[in-house]
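The file input-v9.txt contains compact mmCIF, C-alpha atoms:
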# COMPACT_ATOMS: atom_id res chain seq x y z
CA MET A 1 5.88 56.05 -23.12
CA SER A 2 7.16 52.47 -23.29
CA ASP A 3 4.54 49.77 -23.81
CA VAL A 4 6.54 47.27 -21.72
CA ILE A 5 4.25 46.32 -18.84
CA ILE A 6 6.40 43.57 -17.23
CA SER A 7 10.19 43.76 -17.07
CA VAL A 8 12.20 40.98 -15.41
CA GLU A 9 15.96 41.42 -14.98
CA ASN A 10 18.33 38.65 -13.82
CA LEU A 11 15.69 37.18 -11.54
CA GLY A 12 16.73 34.43 -9.13
CA LYS A 13 15.07 32.60 -6.25
CA LYS A 14 17.08 30.46 -3.85
CA TYR A 15 15.74 28.04 -1.25
CA ARG A 16 17.70 26.29 1.48
CA ILE A 17 17.05 22.55 1.61
CA SER A 18 17.85 20.51 4.70
CA HIS A 19 19.00 16.89 4.57
CA GLN A 20 18.94 14.78 7.72
CA GLY A 21 21.90 12.64 8.63
CA GLU A 22 21.61 8.88 8.40
CA LYS A 23 21.25 8.43 12.17
CA GLN A 24 19.15 11.53 12.70
CA ARG A 25 15.49 11.38 13.68
CA TYR A 26 12.78 13.84 14.53
CA THR A 27 12.84 14.89 18.19
CA ALA A 28 9.81 16.28 19.98
CA LEU A 29 9.81 18.10 23.33
CA ARG A 30 8.29 15.03 25.01
CA ASP A 31 11.36 12.99 23.92
CA VAL A 32 13.69 15.42 25.69
CA ILE A 33 11.55 15.42 28.89
CA ALA A 34 11.32 11.63 28.92
CA GLN A 35 15.08 11.34 28.47
CA LYS A 36 15.69 13.64 31.46
CA LEU A 37 13.25 11.77 33.71
CA LYS A 38 14.88 8.44 32.92
CA ALA A 39 18.37 9.68 33.77
CA PRO A 40 18.26 13.11 35.39
CA PHE A 41 22.04 13.37 35.90
CA GLN A 42 23.27 12.01 32.58
CA PHE A 43 23.66 15.46 31.13
CA LEU A 44 25.95 16.47 34.02
CA ARG A 45 28.26 13.47 33.76
CA ARG A 46 30.92 12.64 31.27
CA GLU A 47 34.00 10.50 31.39
CA LYS A 48 37.55 11.43 30.61
CA ASN A 49 40.41 8.93 30.93
CA GLY A 50 38.21 6.66 33.03
CA GLU A 51 37.43 9.39 35.57
CA GLU A 52 33.99 10.80 36.07
CA ILE A 53 33.99 14.59 36.19
CA MET A 54 31.29 17.21 36.56
CA GLY A 55 30.81 19.94 34.05
CA ALA A 56 28.40 22.04 32.08
CA PRO A 57 25.38 20.12 30.83
CA HIS A 58 25.31 18.98 27.24
CA SER A 59 22.43 20.12 25.08
CA PRO A 60 19.63 17.53 25.27
CA LEU A 61 19.02 17.90 21.57
CA SER A 62 22.67 17.35 20.70
CA THR A 63 22.67 14.23 22.89
CA LEU A 64 19.64 12.76 21.14
CA HIS A 65 20.95 13.59 17.68
CA SER A 66 24.15 11.81 16.62
CA SER A 67 24.63 14.06 13.60
CA ARG A 68 23.47 17.44 12.46
CA ALA A 69 21.38 18.18 9.40
CA SER A 70 23.25 19.24 6.27
CA HIS A 71 22.01 22.03 4.03
CA GLU A 72 22.25 22.87 0.36
CA ASP A 73 21.15 25.82 -1.73
CA PHE A 74 18.58 25.13 -4.42
CA TRP A 75 17.96 27.72 -7.11
CA ALA A 76 14.37 27.44 -8.32
CA LEU A 77 15.07 30.33 -10.71
CA ARG A 78 18.38 31.69 -11.93
CA ASP A 79 19.25 34.60 -14.22
CA VAL A 80 15.75 34.87 -15.72
CA SER A 81 15.22 37.96 -17.90
CA PHE A 82 12.39 38.86 -20.26
CA GLU A 83 9.93 41.62 -21.15
CA VAL A 84 6.19 41.51 -21.79
CA ARG A 85 4.42 44.22 -23.73
CA ARG A 86 0.98 45.59 -23.00
CA GLY A 87 -1.78 43.48 -24.54
CA GLU A 88 0.41 40.41 -25.14
CA VAL A 89 -0.70 36.92 -24.17
CA VAL A 90 2.43 35.03 -23.11
CA GLY A 91 2.66 31.29 -22.52
CA ILE A 92 5.04 29.86 -19.94
CA ILE A 93 5.81 26.18 -20.44
CA GLY A 94 8.18 23.56 -19.06
CA ARG A 95 8.17 20.30 -17.17
CA ASN A 96 7.17 20.01 -13.51
CA GLY A 97 9.88 21.57 -11.34
CA ALA A 98 11.09 23.91 -14.09
CA GLY A 99 10.31 27.01 -11.97
CA LYS A 100 7.06 28.18 -13.58
CA SER A 101 5.03 28.48 -10.37
CA THR A 102 7.92 30.14 -8.53
CA LEU A 103 8.13 32.76 -11.27
CA LEU A 104 4.41 33.47 -11.08
CA LYS A 105 4.51 33.76 -7.29
CA ILE A 106 7.22 36.40 -7.58
CA LEU A 107 5.27 38.29 -10.25
CA SER A 108 2.17 38.09 -8.03
CA ARG A 109 4.15 39.50 -5.07
CA ILE A 110 3.52 36.36 -3.01
CA THR A 111 7.22 35.75 -2.50
CA GLU A 112 10.32 37.94 -2.81
CA PRO A 113 13.14 37.20 -5.26
CA THR A 114 16.63 36.41 -3.99
CA THR A 115 18.34 38.29 -6.82
CA GLY A 116 17.25 40.51 -9.67
CA ARG A 117 14.38 42.93 -10.16
CA VAL A 118 10.80 42.91 -11.44
CA HIS A 119 9.00 46.01 -12.74
CA LEU A 120 5.21 45.77 -13.00
CA ARG A 121 3.32 48.67 -14.55
CA GLY A 122 -0.25 47.84 -13.70
CA ARG A 123 -2.65 46.09 -11.36
CA VAL A 124 -2.10 42.33 -11.11
CA ALA A 125 -4.74 39.63 -10.61
CA SER A 126 -3.49 36.07 -10.23
CA LEU A 127 -5.06 32.63 -10.13
CA LEU A 128 -2.31 30.27 -8.99
CA GLU A 129 -4.15 27.56 -7.09
CA VAL A 130 -7.65 26.60 -6.05
CA GLY A 131 -9.02 29.17 -3.61
CA THR A 132 -6.26 31.74 -4.08
CA GLY A 133 -7.18 34.86 -2.14
CA PHE A 134 -10.43 33.41 -0.75
CA HIS A 135 -11.34 33.36 2.91
CA PRO A 136 -12.96 29.95 3.58
CA GLU A 137 -15.38 31.28 6.22
CA LEU A 138 -16.77 34.02 3.99
CA THR A 139 -19.53 33.45 1.45
CA GLY A 140 -19.05 33.61 -2.29
CA ARG A 141 -20.67 37.05 -2.32
CA GLU A 142 -18.36 38.36 0.41
CA ASN A 143 -15.27 36.91 -1.29
CA ILE A 144 -16.11 38.70 -4.53
CA PHE A 145 -16.05 42.03 -2.70
CA LEU A 146 -12.95 41.02 -0.71
CA ASN A 147 -10.99 40.11 -3.85
CA GLY A 148 -12.12 43.27 -5.57
CA ALA A 149 -10.92 45.35 -2.63
CA ILE A 150 -7.56 43.55 -2.68
CA LEU A 151 -7.24 44.46 -6.38
CA GLY A 152 -7.92 48.09 -5.50
CA MET A 153 -11.44 48.24 -6.92
CA SER A 154 -14.05 50.51 -5.40
CA ARG A 155 -17.32 49.04 -4.11
CA ALA A 156 -19.16 50.73 -6.96
CA GLU A 157 -16.84 49.14 -9.55
CA ILE A 158 -17.33 45.70 -8.00
CA ARG A 159 -21.12 46.09 -7.99
CA LYS A 160 -21.01 47.04 -11.67
CA LYS A 161 -19.31 43.74 -12.52
CA PHE A 162 -21.03 41.62 -9.86
CA ASP A 163 -23.80 40.12 -12.02
CA GLU A 164 -21.34 39.22 -14.82
CA ILE A 165 -19.06 37.47 -12.32
CA VAL A 166 -21.88 35.40 -10.82
CA ALA A 167 -23.28 34.46 -14.23
CA PHE A 168 -19.85 33.39 -15.52
CA ALA A 169 -19.07 31.33 -12.41
CA GLU A 170 -22.49 29.65 -12.41
CA VAL A 171 -22.72 29.65 -8.60
CA GLU A 172 -25.98 31.57 -8.13
CA LYS A 173 -27.47 28.94 -5.82
CA PHE A 174 -24.43 28.94 -3.55
CA LEU A 175 -23.62 32.63 -3.56
CA ASP A 176 -24.41 33.00 0.15
CA THR A 177 -22.74 29.73 1.19
CA PRO A 178 -19.25 29.81 2.81
CA VAL A 179 -16.71 28.89 0.14
CA LYS A 180 -15.18 26.23 2.41
CA ARG A 181 -18.16 24.11 1.33
CA TYR A 182 -17.48 24.64 -2.38
CA SER A 183 -16.12 21.86 -4.56
CA SER A 184 -12.76 22.44 -6.25
CA GLY A 185 -14.58 23.13 -9.52
CA MET A 186 -16.80 25.78 -7.92
CA TYR A 187 -13.75 27.37 -6.32
CA VAL A 188 -12.03 27.65 -9.68
CA ARG A 189 -15.07 28.99 -11.50
CA LEU A 190 -15.62 31.75 -8.97
CA ALA A 191 -11.91 32.59 -8.57
CA PHE A 192 -11.37 32.86 -12.33
CA ALA A 193 -14.55 34.90 -12.79
CA VAL A 194 -13.39 37.41 -10.16
CA ALA A 195 -9.84 37.63 -11.55
CA ALA A 196 -10.95 38.03 -15.16
CA HIS A 197 -13.88 40.45 -14.70
CA LEU A 198 -12.42 42.99 -12.26
CA GLU A 199 -10.27 44.48 -15.02
CA PRO A 200 -6.67 44.05 -13.87
CA GLU A 201 -4.00 45.29 -16.28
CA ILE A 202 -2.14 41.96 -15.83
CA LEU A 203 -3.91 38.59 -15.47
CA ILE A 204 -1.78 35.61 -14.33
CA VAL A 205 -3.30 32.14 -14.69
CA ASP A 206 -1.55 28.92 -13.64
CA GLU A 207 -2.47 25.31 -14.45
CA VAL A 208 -5.35 25.60 -11.98
CA LEU A 209 -7.84 25.69 -14.90
CA ALA A 210 -7.16 21.96 -15.42
CA VAL A 211 -9.39 21.38 -12.37
CA GLY A 212 -12.46 22.54 -14.29
CA ASP A 213 -14.41 20.51 -16.79
CA ALA A 214 -13.85 20.76 -20.55
CA GLN A 215 -16.79 23.14 -21.09
CA PHE A 216 -15.54 25.54 -18.41
CA GLN A 217 -11.98 25.41 -19.78
CA LYS A 218 -13.30 26.40 -23.20
CA LYS A 219 -15.25 29.23 -21.58
CA CYS A 220 -12.12 30.47 -19.79
CA MET A 221 -10.06 30.37 -22.98
CA GLY A 222 -12.65 32.56 -24.68
CA LYS A 223 -12.64 34.99 -21.77
CA MET A 224 -8.83 35.26 -21.76
CA GLN A 225 -8.92 36.01 -25.48
CA ASP A 226 -11.47 38.76 -24.78
CA VAL A 227 -9.25 40.13 -22.00
CA SER A 228 -6.24 40.31 -24.33
CA LYS A 229 -8.26 41.99 -27.10
CA GLY A 230 -9.18 44.65 -24.54
CA GLY A 231 -5.51 45.62 -24.27
CA ARG A 232 -4.77 43.78 -21.04
CA THR A 233 -1.86 41.38 -20.55
CA VAL A 234 -2.17 37.67 -19.80
CA LEU A 235 0.49 35.26 -18.52
CA PHE A 236 -0.71 31.70 -19.03
CA VAL A 237 0.96 28.56 -17.65
CA SER A 238 -0.26 25.20 -18.92
CA HIS A 239 0.92 21.72 -19.86
CA ASN A 240 -1.74 21.66 -22.55
CA MET A 241 0.21 22.65 -25.65
CA SER A 242 -2.89 22.99 -27.81
CA ALA A 243 -4.27 25.54 -25.34
CA ILE A 244 -0.94 27.42 -25.31
CA GLN A 245 -0.90 27.39 -29.11
CA GLN A 246 -4.49 28.57 -29.37
CA LEU A 247 -4.22 31.41 -26.86
CA THR A 248 -0.68 32.83 -27.00
CA GLN A 249 1.46 34.56 -29.57
CA VAL A 250 4.79 34.31 -27.74
CA SER A 251 6.04 31.92 -25.08
CA LEU A 252 8.89 31.14 -22.69
CA LEU A 253 10.34 27.68 -22.09
CA LEU A 254 11.77 27.11 -18.61
CA GLN A 255 14.10 24.26 -17.76
CA LYS A 256 15.74 23.82 -14.34
CA GLY A 257 15.00 27.43 -13.41
CA LYS A 258 16.38 29.02 -16.60
CA VAL A 259 14.82 30.35 -19.79
CA ILE A 260 16.18 28.11 -22.55
CA SER A 261 13.89 29.32 -25.34
CA SER A 262 11.70 32.36 -25.99
CA GLY A 263 9.92 33.79 -28.99
CA LEU A 264 7.02 32.76 -31.20
CA THR A 265 4.89 30.08 -29.55
CA ASP A 266 5.22 27.51 -32.36
CA SER A 267 9.01 27.67 -32.16
CA VAL A 268 9.07 27.42 -28.35
CA ILE A 269 6.67 24.45 -28.34
CA ALA A 270 8.90 22.72 -30.89
CA SER A 271 11.86 23.24 -28.53
CA TYR A 272 9.83 21.84 -25.64
CA PHE A 273 8.93 18.65 -27.50
CA SER A 274 12.45 18.35 -28.85
CA CYS A 275 13.70 18.21 -25.25
CA GLU A 276 11.01 15.63 -24.41
CA THR A 277 11.77 13.41 -27.40
CA ASN A 278 15.53 13.53 -26.84
CA SER A 279 14.84 11.77 -23.54
CA SER A 280 15.31 7.99 -23.59
CA GLN A 281 12.08 7.54 -21.61
CA ASN A 282 9.75 5.01 -23.19
CA ILE A 283 7.78 3.98 -20.08
CA TYR A 284 5.32 6.52 -18.65
CA PRO A 285 3.95 5.73 -15.16
CA ILE A 286 0.72 7.63 -14.60
CA LYS A 287 2.25 9.54 -11.63
CA GLY A 288 4.89 10.96 -13.95
CA ILE A 289 2.43 12.24 -16.57
CA HIS A 290 2.12 16.00 -16.18
CA ASN A 291 -0.58 16.75 -18.77
CA ARG A 292 -3.78 14.94 -17.84
CA ILE A 293 -7.29 16.16 -18.67
CA SER A 294 -9.81 16.11 -15.83
CA CYS A 295 -12.36 13.33 -16.50
CA GLY A 296 -14.58 10.98 -14.51
CA ARG A 297 -11.83 8.32 -14.22
CA GLU A 298 -14.31 5.41 -14.15
CA VAL A 299 -11.45 3.72 -16.00
CA GLU A 300 -7.97 5.23 -15.74
CA PHE A 301 -4.49 4.78 -17.13
CA VAL A 302 -1.83 3.18 -14.92
CA GLU A 303 1.16 2.99 -17.29
CA LEU A 304 1.94 3.68 -20.95
CA GLN A 305 4.85 2.21 -22.88
CA LEU A 306 6.30 2.47 -26.38
CA SER A 307 6.93 -1.25 -26.75
CA ASN A 308 8.86 -1.61 -30.01
CA SER A 309 11.71 0.78 -29.27
CA GLU A 310 14.17 1.14 -26.39
CA HIS A 311 15.42 4.56 -27.47
CA ASN A 312 12.27 6.04 -29.02
CA LEU A 313 13.71 5.52 -32.53
CA ILE A 314 11.40 3.76 -34.98
CA PRO A 315 12.52 2.96 -38.53
CA ILE A 316 10.25 4.33 -41.22
CA GLY A 317 7.64 1.79 -42.25
CA ASP A 318 7.62 -0.04 -38.89
CA LYS A 319 4.44 -0.53 -36.91
CA LEU A 320 3.81 1.60 -33.83
CA ARG A 321 3.21 -0.59 -30.79
CA PHE A 322 1.95 0.80 -27.47
CA LEU A 323 1.46 -1.18 -24.25
CA ILE A 324 -1.30 0.43 -22.18
CA THR A 325 -2.15 -0.62 -18.61
CA ILE A 326 -5.51 0.48 -17.25
CA ARG A 327 -7.44 0.09 -14.01
CA GLY A 328 -11.20 -0.15 -13.53
CA ASN A 329 -12.61 2.01 -10.75
CA THR A 330 -16.16 0.93 -11.59
CA ASN A 331 -17.66 -1.76 -13.81
CA VAL A 332 -17.48 -0.30 -17.33
CA SER A 333 -18.36 -1.97 -20.62
CA LEU A 334 -17.96 -1.21 -24.31
CA PHE A 335 -15.33 1.51 -24.26
CA ARG A 336 -12.48 2.17 -26.68
CA PHE A 337 -8.93 3.53 -26.85
CA GLY A 338 -8.25 6.68 -28.83
CA VAL A 339 -4.84 7.74 -30.17
CA THR A 340 -3.88 11.14 -31.58
CA ILE A 341 -0.41 11.64 -33.03
CA PHE A 342 1.12 15.14 -32.94
CA GLN A 343 4.11 16.65 -34.68
CA VAL A 344 6.87 18.08 -32.50
CA SER A 345 5.32 21.53 -32.98
CA GLY A 346 2.07 20.34 -31.38
CA ILE A 347 0.10 20.20 -34.63
CA PRO A 348 -2.01 17.02 -34.81
CA VAL A 349 -1.23 14.62 -37.65
CA GLY A 350 -4.19 12.29 -37.24
CA ASN A 351 -6.45 10.39 -34.89
CA THR A 352 -7.78 6.84 -34.63
CA PHE A 353 -9.95 4.71 -32.32
CA SER A 354 -9.69 1.03 -31.52
CA LEU A 355 -12.11 -1.20 -33.39
CA GLN A 356 -12.55 -3.57 -30.45
CA GLN A 357 -14.77 -2.48 -27.55
CA ILE A 358 -13.41 -3.36 -24.11
CA SER A 359 -14.99 -4.07 -20.73
CA ILE A 360 -13.42 -4.01 -17.26
CA LYS A 361 -14.54 -4.70 -13.70
CA VAL A 362 -13.98 -2.60 -10.61
CA GLY A 363 -10.48 -3.18 -9.18
CA GLU A 364 -9.31 -5.05 -12.29
CA ILE A 365 -5.96 -4.08 -13.86
CA ALA A 366 -5.39 -5.06 -17.49
CA THR A 367 -2.71 -4.42 -20.13
CA TYR A 368 -3.45 -4.08 -23.84
CA GLU A 369 -1.24 -3.63 -26.88
CA LEU A 370 -2.28 -1.08 -29.47
CA CYS A 371 -0.71 -1.65 -32.87
CA LEU A 372 -0.87 1.04 -35.56
CA GLU A 373 0.01 -0.20 -39.03
CA ASN A 374 0.57 1.74 -42.25
CA THR A 375 0.73 5.14 -40.58
CA ARG A 376 3.06 6.33 -43.36
CA LEU A 377 4.61 8.86 -40.97
CA ALA A 378 7.50 10.81 -42.47
CA PRO A 379 10.89 11.02 -40.72
CA GLY A 380 10.66 13.39 -37.77
CA LYS A 381 9.71 13.68 -34.12
CA TYR A 382 6.23 12.96 -32.79
CA HIS A 383 4.30 12.44 -29.56
CA CYS A 384 0.86 11.13 -28.65
CA GLY A 385 -2.32 11.80 -26.77
CA ILE A 386 -4.17 8.71 -25.48
CA SER A 387 -7.80 8.55 -24.38
CA LEU A 388 -10.32 6.14 -22.85
CA GLY A 389 -14.00 6.68 -23.55
CA LYS A 390 -17.24 5.53 -25.10
CA GLY A 391 -20.05 6.84 -27.29
CA ASN A 392 -20.10 9.00 -30.40
CA GLN A 393 -21.47 12.31 -31.66
CA GLU A 394 -24.99 10.89 -31.95
CA THR A 395 -25.21 9.09 -28.59
CA GLY A 396 -22.95 11.49 -26.70
CA ILE A 397 -19.28 11.13 -25.86
CA GLN A 398 -18.14 10.13 -22.37
CA ASP A 399 -14.39 10.48 -21.65
CA PHE A 400 -12.93 8.45 -18.78
CA ASP A 401 -9.25 9.47 -18.92
CA ILE A 402 -7.13 11.56 -21.32
CA VAL A 403 -3.35 12.12 -21.20
CA LEU A 404 -1.35 14.32 -23.56
CA ASP A 405 2.31 14.82 -24.48
CA VAL A 406 3.26 11.18 -23.92
CA LEU A 407 4.86 8.32 -25.90
CA ALA A 408 7.35 10.54 -27.73
CA PHE A 409 9.17 8.87 -30.61
CA GLU A 410 11.18 9.63 -33.75
CA ILE A 411 10.71 8.10 -37.18
CA THR A 412 14.10 7.52 -38.83
CA LEU A 413 15.12 6.77 -42.40
CA ALA A 414 16.89 3.57 -41.34
CA GLY A 415 14.93 0.41 -42.12
CA GLU A 416 12.37 -0.74 -44.66
CA SER A 417 10.50 2.18 -46.24
CA PRO A 418 7.11 1.63 -47.84
CA ASP A 419 8.58 3.49 -50.79
CA THR A 420 12.10 4.40 -51.80
CA ILE A 421 13.00 7.46 -49.72
CA GLY A 422 16.58 8.65 -49.66
CA THR A 423 16.06 11.96 -47.85
CA TRP A 424 13.17 13.84 -46.33
CA HIS A 425 12.80 17.57 -45.77
CA PRO A 426 10.58 18.74 -42.86
CA ASN A 427 8.79 21.16 -45.19
CA TRP A 428 7.44 18.19 -47.14
CA GLY A 429 5.02 17.41 -44.30
CA ALA A 430 4.37 14.57 -41.85
CA VAL A 431 2.96 11.92 -44.19
CA CYS A 432 4.67 9.89 -46.90
CA PHE A 433 2.11 9.41 -49.67
CA PRO A 434 2.25 6.22 -51.72
CA THR A 435 4.41 6.34 -54.81
CA PRO A 436 2.27 7.78 -57.62
CA ILE A 437 1.59 5.72 -60.71
CA VAL A 438 2.71 7.61 -63.81
CA THR A 439 0.89 6.87 -67.03
CA GLN A 440 1.61 8.60 -70.30
CA CYS A 441 -1.45 10.09 -71.94
CA ASN A 442 -1.02 10.68 -75.65
CA LYS A 443 -2.72 13.68 -77.14
CA ALA A 444 -5.39 12.99 -79.74
Starting from the file, give its structure as structure tokens.
Amino acid sequence: MSDVIISVENLGKKYRISHQGEKQRYTALRDVIAQKLKAPFQFLRREKNGEEIMGAPHSPLSTLHSSRASHEDFWALRDVSFEVRRGEVVGIIGRNGAGKSTLLKILSRITEPTTGRVHLRGRVASLLEVGTGFHPELTGRENIFLNGAILGMSRAEIRKKFDEIVAFAEVEKFLDTPVKRYSSGMYVRLAFAVAAHLEPEILIVDEVLAVGDAQFQKKCMGKMQDVSKGGRTVLFVSHNMSAIQQLTQVSLLLQKGKVISSGLTDSVIASYFSCETNSSQNIYPIKGIHNRISCGREVEFVELQLSNSEHNLIPIGDKLRFLITIRGNTNVSLFRFGVTIFQVSGIPVGNTFSLQQISIKVGEIATYELCLENTRLAPGKYHCGISLGKGNQETGIQDFDIVLDVLAFEITLAGESPDTIGTWHPNWGAVCFPTPIVTQCNKA
């Protein structure tokens, strides 16, 4: 018997998008009634060659609208094909709008495909957004049994797992409270606990885990690893490449509704960052950043910019200069910037924190330049993670805002090298060591 548990063949999903004409506006029923009351006979009159004639009434809606809406077909997915084997943990990555959520909704049977076929050989549990499958008026206890029943579990099976679910979700105090009163974090904890513990053959998890705190995310990662070791299949969508790299063996890269890369996770992540770095973007407004860790946001990023390059190309030996705009949502003192540089594959090269400690007042917006000297980065493609926070391991660390996969750049051989470098092979690593001093040592 084949161990292929998910088979997707030439899958496509088409949506019809409407565009209003330039003169078109929204018309409510009251507009039509008011128009008739103002001129009750206008729809029965029209002129032709200066003569007024009677005829069939025009449509009120066509009279109020000077032009009709135009339509276009938008393919959220097109010609997507892949197979997933039993027990595999598969990552699905891509920028916002690439089609990841549409694919998961089709696999979860929430929406039907326009073209192609999907074969699922097992029970599916999905966690696509906060509160998926929950009835807001029911309590946490009742929703556990409801979700179990939807997954095809018997009442006895649900009771067997009930205590584990409640303990994992950490909602004992609110178990008999309607879930409409739950915070988004409580929703996610309970929803993930139900999906992961009721033993589906296929577990589908979207970026929803980003809502939880760092400790809960770590807990979920461990649980998904346990699920996969038990022979069950996991599909995991995330913008957090380190999480994808830690959890999955193989991945798919979606771009504009198509699979442009598939295979070993390291290779697919490298393709993802290669696409990002080939972009000429060097200014990152906070609204456009798609990988942001949930923090308290007492201080938050507004905009990030790679300030010493217009095309993300930095000659070897040059300083790295970042312009960072932040906003204070409360009065905060003595915090620092943190910078982590990653290779294109997602492997971190190194980390540093600003020496100066910064303070900001509520409502204040300030821009700072971070300058990294003597990084000795080798030629290649890189990207950054930037953080705001305070404290240390002894006093406790408090993160205010963290963004990943930003400020992509490429170190090139052109320019002044700290040492004489004619060529550089990627296998030599990400750091150019100083030129060694060679001294002859004579034997005694």
* Could you work out how far atom CA of A:Arg376 lies from atom CA of A:Ile324, giving the answer in Å with one decimal? ->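 Between atom CA of A:Ile324 and atom CA of A:Arg376 the gap is 22.4 Å.
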* To do: Tell me which protein, DNA and RNA residues are within 8 Å of stretch 339-351 of chain A, counting all atoms listed in the file, leaving out same-chain ones fewer than 4 positions away, and put them as a list in words.
  =>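 Final neighbour list, sorted by chain and number: Met241, Ser242, Gln245, Asp266, Ser267, Ile269, Ala270, Phe273, Ser274, Gly380, Lys381, Tyr382, His383, Cys384, Gly385, Ile386, Ser387 and Ala430 of chain A.
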For the residues in the current selection, export C-alpha atoms as a PDB file, keeping the file's coordinate frame.
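This went into result26.pdb:
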ATOM      1  CA  MET A 241       0.210  22.650 -25.650  1.00  0.00           C
ATOM      2  CA  SER A 242      -2.890  22.990 -27.810  1.00  0.00           C
ATOM      3  CA  GLN A 245      -0.900  27.390 -29.110  1.00  0.00           C
ATOM      4  CA  ASP A 266       5.220  27.510 -32.360  1.00  0.00           C
ATOM      5  CA  SER A 267       9.010  27.670 -32.160  1.00  0.00           C
ATOM      6  CA  ILE A 269       6.670  24.450 -28.340  1.00  0.00           C
ATOM      7  CA  ALA A 270       8.900  22.720 -30.890  1.00  0.00           C
ATOM      8  CA  PHE A 273       8.930  18.650 -27.500  1.00  0.00           C
ATOM      9  CA  SER A 274      12.450  18.350 -28.850  1.00  0.00           C
ATOM     10  CA  GLY A 380      10.660  13.390 -37.770  1.00  0.00           C
ATOM     11  CA  LYS A 381       9.710  13.680 -34.120  1.00  0.00           C
ATOM     12  CA  TYR A 382       6.230  12.960 -32.790  1.00  0.00           C
ATOM     13  CA  HIS A 383       4.300  12.440 -29.560  1.00  0.00           C
ATOM     14  CA  CYS A 384       0.860  11.130 -28.650  1.00  0.00           C
ATOM     15  CA  GLY A 385      -2.320  11.800 -26.770  1.00  0.00           C
ATOM     16  CA  ILE A 386      -4.170   8.710 -25.480  1.00  0.00           C
ATOM     17  CA  SER A 387      -7.800   8.550 -24.380  1.00  0.00           C
ATOM     18  CA  ALA A 430       4.370  14.570 -41.850  1.00  0.00           C
TER      19      ALA A 430
END
* **Contacts of A:Ala193 at 7 Å (only C-alpha atoms; same-chain gap of 2+ positions) as a list of chain:residue names** =>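 Near A:Ala193, the qualifying residues are A:Ile165, A:Phe168, A:Ala169, A:Arg189, A:Leu190, A:Ala191, A:Ala195, A:Ala196, A:His197.
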Once 3 Å is added on each side, what are the centre and the three edge lengths, in Å to one decimal, of the axis-aligned box enclosing the listed atoms of stretch 217-225 of chain A? Present them as JSON.
{"center_x": -12.0, "center_y": 30.7, "center_z": -22.6, "size_x": 12.4, "size_y": 16.6, "size_z": 11.7}
* **Residue list as a list of chain:residue names for point (23.5, 25.5, -2.3), cut-off 12 Å, all atoms listed in the file** =>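 Neighbouring residues, ordered by chain and number, come to A:Lys13, A:Lys14, A:Tyr15, A:Arg16, A:Ile17, A:Ser18, A:His19, A:Ser70, A:His71, A:Glu72, A:Asp73, A:Phe74, A:Trp75, A:Ala76.
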* Asked: To one decimal place, how far is atom CA of A:Glu172 from atom CA of A:Pro136 in Å?
  ->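 So the answer is 17.6 Å.
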* Atom-to-atom span, atom CA of A:Gly257 and atom CA of A:Gly94, Å ->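 Computed distance, atom CA of A:Gly257 to atom CA of A:Gly94, equals 9.7 Å.
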* To do: For a cut-off of 9 Å around (4.9, 13.0, -24.0), file coordinates, pick out all residues using all atoms listed in the file and list them as a PyMOL selection string.
  => chain A and resi 273+276-277+284+289-291+382-385+403-409
Atoms kept (C-alpha atoms) for selection, written as a tab-separated table (two decimals), keeping the file's coordinate frame:
chain	number	residue	atom	x	y	z
A	273	PHE	CA	8.93	18.65	-27.50
A	276	GLU	CA	11.01	15.63	-24.41
A	277	THR	CA	11.77	13.41	-27.40
A	284	TYR	CA	5.32	6.52	-18.65
A	289	ILE	CA	2.43	12.24	-16.57
A	290	HIS	CA	2.12	16.00	-16.18
A	291	ASN	CA	-0.58	16.75	-18.77
A	382	TYR	CA	6.23	12.96	-32.79
A	383	HIS	CA	4.30	12.44	-29.56
A	384	CYS	CA	0.86	11.13	-28.65
A	385	GLY	CA	-2.32	11.80	-26.77
A	403	VAL	CA	-3.35	12.12	-21.20
A	404	LEU	CA	-1.35	14.32	-23.56
A	405	ASP	CA	2.31	14.82	-24.48
A	406	VAL	CA	3.26	11.18	-23.92
A	407	LEU	CA	4.86	8.32	-25.90
A	408	ALA	CA	7.35	10.54	-27.73
A	409	PHE	CA	9.17	8.87	-30.61
